[in-house]
Amino acid sequence: VSGGFAEEDLVNDGWTEIVRNILLLMRIEKNKNLTPEELAAKAELADFQKMEQVRARAEAIVKDPNVAESLKPYYRQFCKRPCFHDDYLETFNRPNVTLVDTQGKGVERVTETSVIANGQEYPVDCLVFATGFEVGTDYVRRSGYELYGRDGVTLTDKWKDGAETFQGFHSRGFPNCFFMGTLQSAFTANFPHALNEQAIHIAHLMKKAQDGNIRRMEATQEAEDAWVDLICKLARMGERFYAECTPGYYNNEGQNELRNPKNTSYGGKSERFFKILEDWREEGDMKGLEIS
């Protein structure tokens with residue numbers, strides 16, 4: 001799941017199974033000399049085979065063929081967040097469950113007693129709004145407070161054209177301020193894994209500050225610019241893939257061209273990101289930071 005290889009899948013659940021075919025492609029000796037385009041074509045085929053398996057499962061479990069067809073996903077598997085539930089599809093066989101397929105148009109309106117969709121009224125006693133939560137919106141909006149840096153500069157102004165950090169932790173102009181999360185940092189399926197790695201790194205910085213009597217720690221402009229350039233370069237590698245997806249969270253609801261590459265995670269393997277941090281700590285010279 002993190003982009004690495006293992007001789008034996010000790011987890012062997014839905015999360016590791018979804019990428020198994022693609023990872024096996026990378027390990028086949030004859031595929032190692034393929035061009036990126038040829039490898040991408042083989043990965044797309046492996047992707048298609050997996051999604052055919054998902055669609056076949058819906059057809060096998062859901063008794064009503066029309067309902068089963070509405071539940072089949074017709075897009076690449078990582079266009080959406082993958083999810084797993086042993087009993088979800090079986091639910092649509094219950095007599096008290098009705099699937100209303102709006103063909104992507106959504107409900108028309110909600111009245112005092114009903115939901116109107118496809119020109120039909122559906123009386124309801126209780127309406128649950130599965131609206132999700134904000135993600136990827138302005139950092140200050142989500143945190144609920146403004147951050148002020150040197151000379152009164154706000155984080156909102158600093159990041160008005162997108163996030164600017166060094167390794168996802170530091171932003172120039174905001175000394176001794178450390179960010180945690182996925183922004184310009186690693187994204188892991190097990191989120192606490194990334195938080196733990198970030199905590200290790202910040203603890204290292206605090207120890208260096210304590211041992212060296214360091215009172216100020218701040219990214220250099222050069223280091224910040226280089227990191228932002230790397231983040232943008234890696235983000236653009238997936239532009240074509242997401243542009244071909246149906247609208248969703250990952251492609252800015254179908255407007256992928258408006259998606260700011262600065263506001264993304266580190267686009268390489270999470271293992272690679274953690275190795276970058278580990279190597280940086282081992283070098284010990286705190287390259288990329290101004291300290292005083």
# chains A, B, ... in the order shown; residues from 1 in each chain; ligands from 1
>>> select_by_dssp(residues="stretch 10-246 of chain A", states="strand (DSSP E or B)", output="ChimeraX atom specification")
/A:109-110,114-117,120-123,148,154,166,170,217-219
>>> write_last_selection(atoms="C-alpha atoms", output="mmCIF file, in the first residue's frame")
data_model
loop_
_atom_site.group_PDB
_atom_site.id
_atom_site.type_symbol
_atom_site.label_atom_id
_atom_site.label_comp_id
_atom_site.auth_asym_id
_atom_site.auth_seq_id
_atom_site.Cartn_x
_atom_site.Cartn_y
_atom_site.Cartn_z
ATOM 1 C CA ARG A 109 -35.591 19.138 -4.065
ATOM 2 C CA VAL A 110 -36.536 18.303 -0.493
ATOM 3 C CA SER A 114 -40.330 13.900 1.028
ATOM 4 C CA VAL A 115 -37.326 13.804 -1.253
ATOM 5 C CA ILE A 116 -37.965 14.439 -4.953
ATOM 6 C CA ALA A 117 -35.696 12.663 -7.438
ATOM 7 C CA GLN A 120 -40.789 10.985 -8.232
ATOM 8 C CA GLU A 121 -41.671 11.680 -4.609
ATOM 9 C CA TYR A 122 -40.134 9.523 -1.881
ATOM 10 C CA PRO A 123 -41.756 10.082 1.550
ATOM 11 C CA TYR A 148 1.052 35.399 12.106
ATOM 12 C CA THR A 154 -0.340 36.003 7.876
ATOM 13 C CA PHE A 166 10.277 22.780 3.332
ATOM 14 C CA HIS A 170 8.546 24.586 7.869
ATOM 15 C CA MET A 217 14.661 27.525 13.385
ATOM 16 C CA GLU A 218 13.378 28.539 9.959
ATOM 17 C CA ALA A 219 13.489 27.277 6.361
#
>>> residues_around(residues="A:Asn213", least_positions_apart="4", cutoff="10 Å", atoms="only C-alpha atoms", output="PDB file with C-alpha atoms, in the first residue's frame")
ATOM      1  CA  LYS A 207      16.618  17.753  20.610  1.00  0.00           C
ATOM      2  CA  LYS A 208      18.978  19.575  18.233  1.00  0.00           C
ATOM      3  CA  ALA A 209      17.614  22.887  19.461  1.00  0.00           C
ATOM      4  CA  ILE A 291      19.253  28.576  12.898  1.00  0.00           C
ATOM      5  CA  SER A 292      20.296  31.068  15.516  1.00  0.00           C
TER       6      SER A 292
END
>>> closest_residue(among="A:Leu289, A:Ala130, A:Leu195, A:Cys177", to="A:Leu147", atoms="only C-alpha atoms")
A:Cys177
>>> select_by_dssp(residues="stretch 40-73 of chain A", states="alpha helix (DSSP H)", output="list in words")
Ala40, Ala41, Lys42, Ala43, Glu44, Leu45, Ala46, Asp47, Phe48, Gln49, Lys50, Met51, Glu52, Gln53, Val54, Arg55, Ala56, Arg57, Ala58, Glu59, Ala60, Ile61, Pro65, Asn66, Val67, Ala68, Glu69 and Ser70 of chain A
>>> write_last_selection(atoms="C-alpha atoms", output="PDB file, in the first residue's frame")
ATOM      1  CA  ALA A  40       1.464   2.339 -17.916  1.00  0.00           C
ATOM      2  CA  ALA A  41      -0.523   0.320 -20.457  1.00  0.00           C
ATOM      3  CA  LYS A  42       0.108  -2.901 -18.527  1.00  0.00           C
ATOM      4  CA  ALA A  43      -0.837  -1.173 -15.263  1.00  0.00           C
ATOM      5  CA  GLU A  44      -4.073   0.017 -16.863  1.00  0.00           C
ATOM      6  CA  LEU A  45      -4.867  -3.557 -17.890  1.00  0.00           C
ATOM      7  CA  ALA A  46      -4.229  -4.793 -14.336  1.00  0.00           C
ATOM      8  CA  ASP A  47      -6.448  -1.955 -13.111  1.00  0.00           C
ATOM      9  CA  PHE A  48      -9.219  -2.996 -15.528  1.00  0.00           C
ATOM     10  CA  GLN A  49      -9.019  -6.614 -14.374  1.00  0.00           C
ATOM     11  CA  LYS A  50      -9.437  -5.530 -10.760  1.00  0.00           C
ATOM     12  CA  MET A  51     -12.421  -3.308 -11.545  1.00  0.00           C
ATOM     13  CA  GLU A  52     -14.005  -6.122 -13.555  1.00  0.00           C
ATOM     14  CA  GLN A  53     -13.705  -8.227 -10.407  1.00  0.00           C
ATOM     15  CA  VAL A  54     -15.458  -5.504  -8.399  1.00  0.00           C
ATOM     16  CA  ARG A  55     -18.248  -5.220 -10.978  1.00  0.00           C
ATOM     17  CA  ALA A  56     -18.670  -9.002 -11.123  1.00  0.00           C
ATOM     18  CA  ARG A  57     -19.052  -9.094  -7.341  1.00  0.00           C
ATOM     19  CA  ALA A  58     -21.939  -6.611  -7.515  1.00  0.00           C
ATOM     20  CA  GLU A  59     -23.607  -8.739 -10.185  1.00  0.00           C
ATOM     21  CA  ALA A  60     -23.140 -11.932  -8.172  1.00  0.00           C
ATOM     22  CA  ILE A  61     -24.509 -10.574  -4.886  1.00  0.00           C
ATOM     23  CA  PRO A  65     -29.884  -6.715 -12.218  1.00  0.00           C
ATOM     24  CA  ASN A  66     -30.850  -3.039 -12.582  1.00  0.00           C
ATOM     25  CA  VAL A  67     -29.752  -2.281  -9.029  1.00  0.00           C
ATOM     26  CA  ALA A  68     -26.564  -4.274  -9.531  1.00  0.00           C
ATOM     27  CA  GLU A  69     -25.769  -2.277 -12.675  1.00  0.00           C
ATOM     28  CA  SER A  70     -26.236   1.017 -10.810  1.00  0.00           C
TER      29      SER A  70
END
>>> residues_around(residues="A:His201", least_positions_apart="2", cutoff="10 Å", atoms="only C-alpha atoms", output="list in words")
Phe169, Leu195, Asn196, Glu197, Gln198, Ala199, Ala203, His204, Leu205, Met206, Lys207, Phe274, Leu277, Glu278, Trp280 and Arg281 of chain A
>>> write_last_selection(atoms="C-alpha atoms", output="PDB file, in the first residue's frame")
ATOM      1  CA  PHE A 169       7.204  21.036   8.228  1.00  0.00           C
ATOM      2  CA  LEU A 195       2.010  11.231  12.091  1.00  0.00           C
ATOM      3  CA  ASN A 196       4.424   9.005  13.990  1.00  0.00           C
ATOM      4  CA  GLU A 197       7.191   9.607  11.433  1.00  0.00           C
ATOM      5  CA  GLN A 198       6.541  13.351  11.597  1.00  0.00           C
ATOM      6  CA  ALA A 199       6.628  13.268  15.398  1.00  0.00           C
ATOM      7  CA  ALA A 203      11.397  15.456  18.240  1.00  0.00           C
ATOM      8  CA  HIS A 204      14.798  15.298  16.519  1.00  0.00           C
ATOM      9  CA  LEU A 205      14.582  19.015  15.744  1.00  0.00           C
ATOM     10  CA  MET A 206      13.675  19.807  19.343  1.00  0.00           C
ATOM     11  CA  LYS A 207      16.618  17.753  20.610  1.00  0.00           C
ATOM     12  CA  PHE A 274      10.489   8.911   5.255  1.00  0.00           C
ATOM     13  CA  LEU A 277      13.789  12.651   6.453  1.00  0.00           C
ATOM     14  CA  GLU A 278      15.960   9.887   7.919  1.00  0.00           C
ATOM     15  CA  TRP A 280      18.500  14.457   6.513  1.00  0.00           C
ATOM     16  CA  ARG A 281      18.648  13.676  10.228  1.00  0.00           C
TER      17      ARG A 281
END
>>> residues_around(residues="A:Val153", least_positions_apart="3", cutoff="12 Å", atoms="only C-alpha atoms", output="ChimeraX atom specification")
/A:146-150,156-160,171-175
>>> atom_distance(atom1="atom CA of A:Thr182", atom2="atom CA of A:Thr137")
12.8 Å
>>> atom_distance(atom1="atom CA of A:Lys275", atom2="atom CA of A:Glu290")
22.1 Å
>>> residues_around(residues="A:Ile231", least_positions_apart="6", cutoff="8 Å", atoms="only C-alpha atoms", output="list of chain:residue names")
A:Gln184, A:Pro261, A:Lys262, A:Thr264, A:Ser265, A:Tyr266, A:Gly267
>>> closest_residue(among="A:Thr91, A:Ser185, A:Gln103, A:Asn33", to="A:Lys269", atoms="only C-alpha atoms")
A:Ser185
